[in-house]
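J.: Supplied in structure tokens, the structure appears directly below.
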Amino acid sequence: MASEPPGETAAVVPAPPSAAAAPIAASGIAELGQEAVEARVPHDTDAVIRCDRLVRIFAADGIEVQALQGLDLLVAKGELTAIVGASGSGKSTLMNILAALDAPTAGSVRVAGHDLTTLTPRDRTQYRRTAVGFVWQQTERNLLPYLTAWQNVLMPMHFSAVPKRTRGHRAGELLEMFGVAYCADRTPAMMSGGEQQRVAIATAMANEPAVLLADEPTGELDSETARTVFGALRTANTELGVTILVVTHDPMLSGQVRRTVAIRDGRTASETLRSHETDADDTSGHAVEYALVDRAGRLQLPRDMLDALNIRERVRLEAEPDHIGVWPDSAANPQAGES
Ligand SMILES: Nc1ncnc2c1ncn2[C@@H]1O[C@H](COP(=O)(O)OP(=O)(O)O)[C@@H](O)[C@H]1O
Ligand SMILES: [Mg+2]
């Protein structure tokens, strides 16, 4: 068994802040790990969502589950980003942390200027009331069952700076914007699942949050209804300028956004960027899939590419002027050797 790759062992060494800008020069792979630590690129401070090496470990009955394993994510203001990933990959854990319902075991997370790792209970309440809005998969979790749609949208405004006399008008406008004005006097039980989710989006937007978080908001809906609800999210993004992070299992929906981030084993693994947003009937947008390089310079190679070349523990790297070549280790792997 070969020794640990240098990047992995180096990852546990905290980066001294003073070393962040130190110039470096690589002479070989052996030094890469240390350099990766020293050369951490300062994070984009303009990002509305900024996760840096987020770790969340759940301990249940003596068994440890590492739901997030050093997740990095930057989301710029005004972006509508889809999050995809297999069940159990850590998507909801991430959303709960961003919603300040849960706290990370390690790492840092900032949302709309709030450092979520140091919130006092009072700040946390304030953050959840004004800085973020949420829409969850279970429609019953989003709305109060004994209030009408209009009253539900008004509810969050009781705790906000929106002037009292304009609240009713604003609630009406939001219901109108998401195409559910006709549901104003209905309670959730009198609405369809899709109507409830659109009212939930209106409610989440009541206090003009900087960020809207939606965890599989269309998960319980048929595909036609899902499309309408997704359309409401896009409306919130374009009309109100809110930054949106939406978890979805539906490739038809994630195919409609400019940026899709895939989470694998508690880390952001790859990302697909489309040249322009498309709707379901227009698939002309050009999509390119990228692997992600974390701040320490680590890259996760897709399993199918590794298997195709029988790559196990090591690769040889060669720097070319415009790309980096990755070759299988021919000594360990003669049949996959180079020419
Ligand atoms: N409260 C919890 N206690 C113990 N394990 C949890 C808890 N929440 C999530 N997990 C585990 O963490 C992993 C990621 O879960 P989750 O974030 O819900 O995944 P996803 O939303 O991508 O399906 C899973 O293995 C899940 O079982
Ligand atoms: Mg989930």
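Naming works like this for the structure tokens: A, B, ... for the chains as they're shown, residue 1 at the start of each chain, ligands 1 onward in shown order.
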Using only C-alpha atoms and all ligand atoms, which residues of the polymer chains come no farther than 7 Å from ligand 1? I'd like the answer as a CSV table (one decimal) with C-alpha atoms, in the first residue's frame.
T.:
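So pocket39.csv came out as:
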```csv
chain,number,residue,atom,x,y,z
A,58,PHE,CA,-23.5,13.0,12.7
A,59,ALA,CA,-22.9,10.6,15.5
A,60,ALA,CA,-25.8,8.2,16.2
A,65,VAL,CA,-21.7,9.6,9.5
A,66,GLN,CA,-19.7,12.2,7.6
A,67,ALA,CA,-22.5,14.0,5.8
A,85,GLY,CA,-26.6,14.5,-6.1
A,86,ALA,CA,-27.5,11.0,-5.1
A,87,SER,CA,-29.7,10.4,-2.1
A,88,GLY,CA,-27.6,10.7,1.0
A,89,SER,CA,-24.9,12.8,-0.6
A,90,GLY,CA,-25.3,15.7,1.9
A,91,LYS,CA,-27.6,18.1,0.0
A,92,SER,CA,-30.2,18.6,2.8
A,93,THR,CA,-27.4,18.8,5.4
A,94,LEU,CA,-25.9,21.7,3.4
```
J.: Looking only at the backbone, which of the residues in segment 20-186 of chain A does DSSP tag as strand (DSSP E), as number ranges by chain?
T.: A: 49-60, 63-75, 80-84, 106-111, 114-115, 132-136
J.: Compare A:Thr130, A:Gly70, A:Ser254, A:Glu64 by their minimum atom-to-atom distance to Asp294 of chain A, counting only C-alpha atoms, and give me the closest one.
T.: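 The closest residue to Asp294 of chain A is A:Gly70.
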J.: Pick out the residues sitting within 9 Å of Asp250 of chain A, and hand them over as an mmCIF file with C-alpha atoms, in the first residue's frame; count only C-alpha atoms, and ignore anything fewer than 2 positions along from it in its own chain.
T.:
```cif
data_model
loop_
_atom_site.group_PDB
_atom_site.id
_atom_site.type_symbol
_atom_site.label_atom_id
_atom_site.label_comp_id
_atom_site.auth_asym_id
_atom_site.auth_seq_id
_atom_site.Cartn_x
_atom_site.Cartn_y
_atom_site.Cartn_z
ATOM 1 C CA VAL A 84 -27.929 17.713 -7.670
ATOM 2 C CA THR A 218 -40.899 19.894 -6.611
ATOM 3 C CA GLY A 219 -40.109 16.454 -5.186
ATOM 4 C CA SER A 223 -43.639 16.869 -13.814
ATOM 5 C CA THR A 248 -33.585 18.967 -7.424
ATOM 6 C CA MET A 252 -35.327 18.466 -16.839
ATOM 7 C CA LEU A 253 -35.346 21.211 -14.197
ATOM 8 C CA SER A 254 -31.613 21.331 -13.490
ATOM 9 C CA GLY A 255 -31.150 21.490 -17.272
#
```
J.: Choose the residue, out of A:Gln137, A:Thr105, A:Asn152, A:Thr118, that has the smallest atom-to-atom separation from ligand 2; count only C-alpha atoms and all ligand atoms.
T.: A:Gln137
J.: I'd like the neighbourhood of Asp52 of chain A as a ChimeraX atom specification, where a residue qualifies if any of its atoms comes within 8 Å (using only C-alpha atoms), though same-chain residues fewer than 4 positions away should be ignored.
T.: /A:70-73,107-109
J.: Go ahead and dump the residues you just picked, N, CA and C atoms, as a short mmCIF file (atom, residue, chain, number, x, y, z; two decimals), in the first residue's frame.
T.:
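Saved to part_38.cif:
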```cif
data_model
loop_
_atom_site.label_atom_id
_atom_site.label_comp_id
_atom_site.auth_asym_id
_atom_site.auth_seq_id
_atom_site.Cartn_x
_atom_site.Cartn_y
_atom_site.Cartn_z
N GLY A 70 -15.84 18.44 3.85
CA GLY A 70 -14.97 19.49 3.33
C GLY A 70 -15.55 20.12 2.08
N LEU A 71 -16.80 20.52 2.18
CA LEU A 71 -17.50 21.05 1.01
C LEU A 71 -17.17 22.54 0.79
N ASP A 72 -16.78 22.87 -0.42
CA ASP A 72 -16.53 24.26 -0.82
C ASP A 72 -17.62 24.68 -1.79
N LEU A 73 -18.14 25.87 -1.62
CA LEU A 73 -19.14 26.37 -2.57
C LEU A 73 -19.16 27.90 -2.53
N GLY A 107 -15.24 24.01 9.59
CA GLY A 107 -15.32 24.78 8.36
C GLY A 107 -16.04 26.09 8.60
N SER A 108 -16.11 26.90 7.56
CA SER A 108 -16.79 28.18 7.74
C SER A 108 -17.86 28.38 6.69
N VAL A 109 -18.86 29.16 7.04
CA VAL A 109 -19.96 29.41 6.13
C VAL A 109 -20.47 30.82 6.35
#
```
J.: Select, from A:Glu216, A:Glu320, A:Glu289, A:Asp304, the residue with the minimum atom-to-atom distance to ligand 2, counting only C-alpha atoms and all ligand atoms.
T.: A:Glu216
J.: For Leu80 of chain A, which residue among A:Gly193, A:Gly266, A:Gly231, A:Gly113 is the nearest when counting only C-alpha atoms?
T.: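 Smallest separation from Leu80 of chain A among the options: A:Gly231.
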J.: Leaving out Leu144 of chain A and any residue of its chain fewer than 5 positions from it, which residues lie within 9 Å of it when counting only C-alpha atoms, given as a list in words?
T.: Ala149, Asn152, Thr187 and Pro188 of chain A
J.: Residues of the last selection are to be written out with N, CA and C atoms, as an mmCIF file, in the first residue's frame.
T.:
```cif
data_model
loop_
_atom_site.group_PDB
_atom_site.id
_atom_site.type_symbol
_atom_site.label_atom_id
_atom_site.label_comp_id
_atom_site.auth_asym_id
_atom_site.auth_seq_id
_atom_site.Cartn_x
_atom_site.Cartn_y
_atom_site.Cartn_z
ATOM 1 N N ALA A 149 -53.786 31.700 2.189
ATOM 2 C CA ALA A 149 -52.556 32.006 1.444
ATOM 3 C C ALA A 149 -52.098 33.428 1.752
ATOM 4 N N ASN A 152 -50.741 33.686 5.187
ATOM 5 C CA ASN A 152 -49.428 33.035 5.263
ATOM 6 C C ASN A 152 -48.325 33.961 4.763
ATOM 7 N N THR A 187 -57.203 28.221 2.415
ATOM 8 C CA THR A 187 -56.207 27.614 3.297
ATOM 9 C C THR A 187 -55.474 26.536 2.495
ATOM 10 N N PRO A 188 -54.319 26.077 2.969
ATOM 11 C CA PRO A 188 -53.558 25.082 2.217
ATOM 12 C C PRO A 188 -54.377 23.845 1.812
#
```
J.: Do you know which residues are at most 7 Å from Phe134 of chain A counting only C-alpha atoms, after dropping those on the same chain fewer than 4 positions away, and could you put them as a list in words?
T.: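 These residues fall inside the cut-off: Ala204, Leu212, Leu213 and Ala214 of chain A.
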J.: For the selection you just gave me, I'd like the residues written to a file as an mmCIF file, in the first residue's frame, keeping N, CA and C atoms.
T.:
```
data_model
loop_
_atom_site.group_PDB
_atom_site.id
_atom_site.type_symbol
_atom_site.label_atom_id
_atom_site.label_comp_id
_atom_site.auth_asym_id
_atom_site.auth_seq_id
_atom_site.Cartn_x
_atom_site.Cartn_y
_atom_site.Cartn_z
ATOM 1 N N ALA A 204 -41.878 32.877 1.353
ATOM 2 C CA ALA A 204 -40.429 32.932 1.576
ATOM 3 C C ALA A 204 -39.848 34.270 1.128
ATOM 4 N N LEU A 212 -32.744 32.632 -1.320
ATOM 5 C CA LEU A 212 -33.878 31.713 -1.218
ATOM 6 C C LEU A 212 -33.334 30.288 -1.330
ATOM 7 N N LEU A 213 -33.634 29.467 -0.323
ATOM 8 C CA LEU A 213 -33.171 28.082 -0.297
ATOM 9 C C LEU A 213 -34.362 27.169 -0.548
ATOM 10 N N ALA A 214 -34.236 26.269 -1.502
ATOM 11 C CA ALA A 214 -35.345 25.368 -1.796
ATOM 12 C C ALA A 214 -34.805 23.942 -1.882
#
```
